[in-house]
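> Once you've had a glance at the structure underneath, I'll fire off some questions.
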Amino acid sequence: MFKQHIAILSLLLVLLFTACGKSSKVLSEKQMEDVLFDIHIADAKINENYQDFPTEEKKHELYASIFKKHEISQEQFDTSLIWYGAHLDVYLNVYDRLTKRYTVLSDSITARIDRRRMQTITSDTNQIYIWEGPKAFMLSSLPGKNLIDFNLDTVQLSSKEYYELTFNVLGIADSIVEPVVTFGVGLPDSAIIKREKVTGNGLFTISISSTDSVPPSHIFGDIRLAPEKKNCKVFIYDVGLYKSKKEIKLHKN
């Protein structure tokens, strides 16, 4: 019974400072930004190197190291999430700054990632980079900000080619929705379309082949989040689109 009273009292205290203002236990906007930045990087690291984190204990150790780095506790972070969740305008400001930081990070590692990708592709594939859109962007589940689409009709396309769309993802662990990717090749009288859900952070690839003897007219698609009242954000970066005469096989590094 005593423990129940303590639990109820703790909940009331949380609700009290959520309603009345920011408690001293709540991280500042800069602190929250820094911690979330490291946590999102950790999520991607776990997803890309899942063999190094086979148990929940291993994952918790990584998150604990982040809390130790920033000299905070798990309880303080959880408390801060509750507060920021109730103050979405402030939370959005934090995420806007995170977007800029991820973009800078993306630009700094793009060349290295491209070199690694090319090492996994044999020289006779004749792979050509044809993406014309932004290489990094933030998707929001709020209506009007939940979609980025593309339509490449100025790129020279040939018959019997392979096409692959690739990008990296951060923020899936914090989102209640998962991005859906539509990828298609337009033909004179039809279209080849694939649709897949992005279920985790890290590298995502989707490929499609045009076996038609007539060259495609265009390549099209979109990446979208389902509209939600609660704002969720997912960061997409290192976007690339390739064409090749042979099947492209890219692997995580």
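Order determines the names: the first chain of the structure tokens is A, the second B, and so forth; residues in each chain are numbered 1 upward, and ligands are numbered 1 upward as they are shown.
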Pull the closest atom pair for each residue of stretch 63-166 of chain A that gets at most 12 Å from stretch 190-197 of chain A, along with the distance in Å to one decimal, counting only C-alpha atoms, ordering rows by chain and then ascending residue number, as CSV.


```
residue,atom,partner,partner_atom,distance
A:Tyr162,CA,A:Ile192,CA,11.8
A:Tyr163,CA,A:Ile192,CA,11.4
A:Glu164,CA,A:Lys194,CA,11.3
A:Leu165,CA,A:Lys194,CA,11.3
```

> Could you pull the residues within 12 Å of A:Glu228, counting only C-alpha atoms, minus those fewer than 4 positions along the same chain, as a ChimeraX atom specification?

/A:140-146,175-178,224,232-233

> Can you write out the residues you just picked, keeping N, CA, C and O atoms, as a tab-separated table (two decimals), in the first residue's frame?


```
chain	number	residue	atom	x	y	z
A	140	SER	N	7.68	14.93	-41.34
A	140	SER	CA	6.83	15.10	-40.17
A	140	SER	C	5.50	14.44	-40.45
A	140	SER	O	5.03	14.39	-41.58
A	141	SER	N	4.88	13.90	-39.40
A	141	SER	CA	3.57	13.26	-39.58
A	141	SER	C	2.44	14.28	-39.65
A	141	SER	O	1.29	13.91	-39.87
A	142	LEU	N	2.75	15.55	-39.46
A	142	LEU	CA	1.72	16.57	-39.58
A	142	LEU	C	1.31	16.72	-41.05
A	142	LEU	O	2.16	16.69	-41.94
A	143	PRO	N	0.02	16.86	-41.32
A	143	PRO	CA	-0.45	17.00	-42.71
A	143	PRO	C	0.27	18.15	-43.42
A	143	PRO	O	0.47	19.22	-42.86
A	144	GLY	N	0.67	17.90	-44.65
A	144	GLY	CA	1.36	18.91	-45.43
A	144	GLY	C	2.87	18.83	-45.33
A	144	GLY	O	3.58	19.41	-46.14
A	145	LYS	N	3.37	18.11	-44.32
A	145	LYS	CA	4.81	17.99	-44.13
A	145	LYS	C	5.24	16.52	-44.07
A	145	LYS	O	6.35	16.22	-43.66
A	146	ASN	N	4.33	15.66	-44.49
A	146	ASN	CA	4.56	14.22	-44.31
A	146	ASN	C	4.97	13.50	-45.59
A	146	ASN	O	4.97	12.28	-45.64
A	175	SER	N	9.18	7.35	-33.30
A	175	SER	CA	7.98	7.62	-34.08
A	175	SER	C	6.93	6.54	-33.87
A	175	SER	O	7.24	5.37	-33.74
A	176	ILE	N	5.67	6.95	-33.83
A	176	ILE	CA	4.59	5.97	-33.72
A	176	ILE	C	4.15	5.50	-35.09
A	176	ILE	O	3.30	4.63	-35.22
A	177	VAL	N	4.71	6.10	-36.14
A	177	VAL	CA	4.40	5.70	-37.51
A	177	VAL	C	5.70	5.39	-38.24
A	177	VAL	O	6.76	5.82	-37.84
A	178	GLU	N	5.60	4.60	-39.30
A	178	GLU	CA	6.77	4.22	-40.07
A	178	GLU	C	6.62	4.72	-41.50
A	178	GLU	O	5.54	4.61	-42.08
A	224	ARG	N	6.67	8.79	-47.47
A	224	ARG	CA	5.64	9.51	-46.72
A	224	ARG	C	5.40	8.87	-45.35
A	224	ARG	O	5.63	7.68	-45.14
A	232	CYS	N	5.25	13.46	-35.24
A	232	CYS	CA	6.39	12.56	-35.18
A	232	CYS	C	7.31	12.92	-36.33
A	232	CYS	O	6.85	13.27	-37.42
A	233	LYS	N	8.61	12.84	-36.11
A	233	LYS	CA	9.56	13.22	-37.14
A	233	LYS	C	10.55	12.11	-37.40
A	233	LYS	O	10.99	11.42	-36.49
```

> Quick one: residues within 12 Å of A:Val94, only C-alpha atoms counted, chain neighbours fewer than 6 positions away excluded, as a PyMOL selection string?

chain A and resi 27-37+81+84-85+87-88+100-101+233

> Nearest residue to A:Ile39 out of A:Gly171, A:Pro54, A:Gly221, A:Pro215, using only C-alpha atoms?

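For A:Ile39, the nearest of the candidates is A:Gly171.
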
> Tell me, as a ChimeraX atom specification, which residues lie within 12 Å of A:Phe53, counting only C-alpha atoms; anything in the same chain fewer than 5 positions away does not count.

/A:42-48,58-63

> Counting only C-alpha atoms, figure out which residue out of A:Leu187, A:Leu170, A:Val180, A:Ile236 gets nearest to A:Asp222.

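Of A:Leu187, A:Leu170, A:Val180, A:Ile236, the one nearest A:Asp222, counting only C-alpha atoms, is A:Val180.
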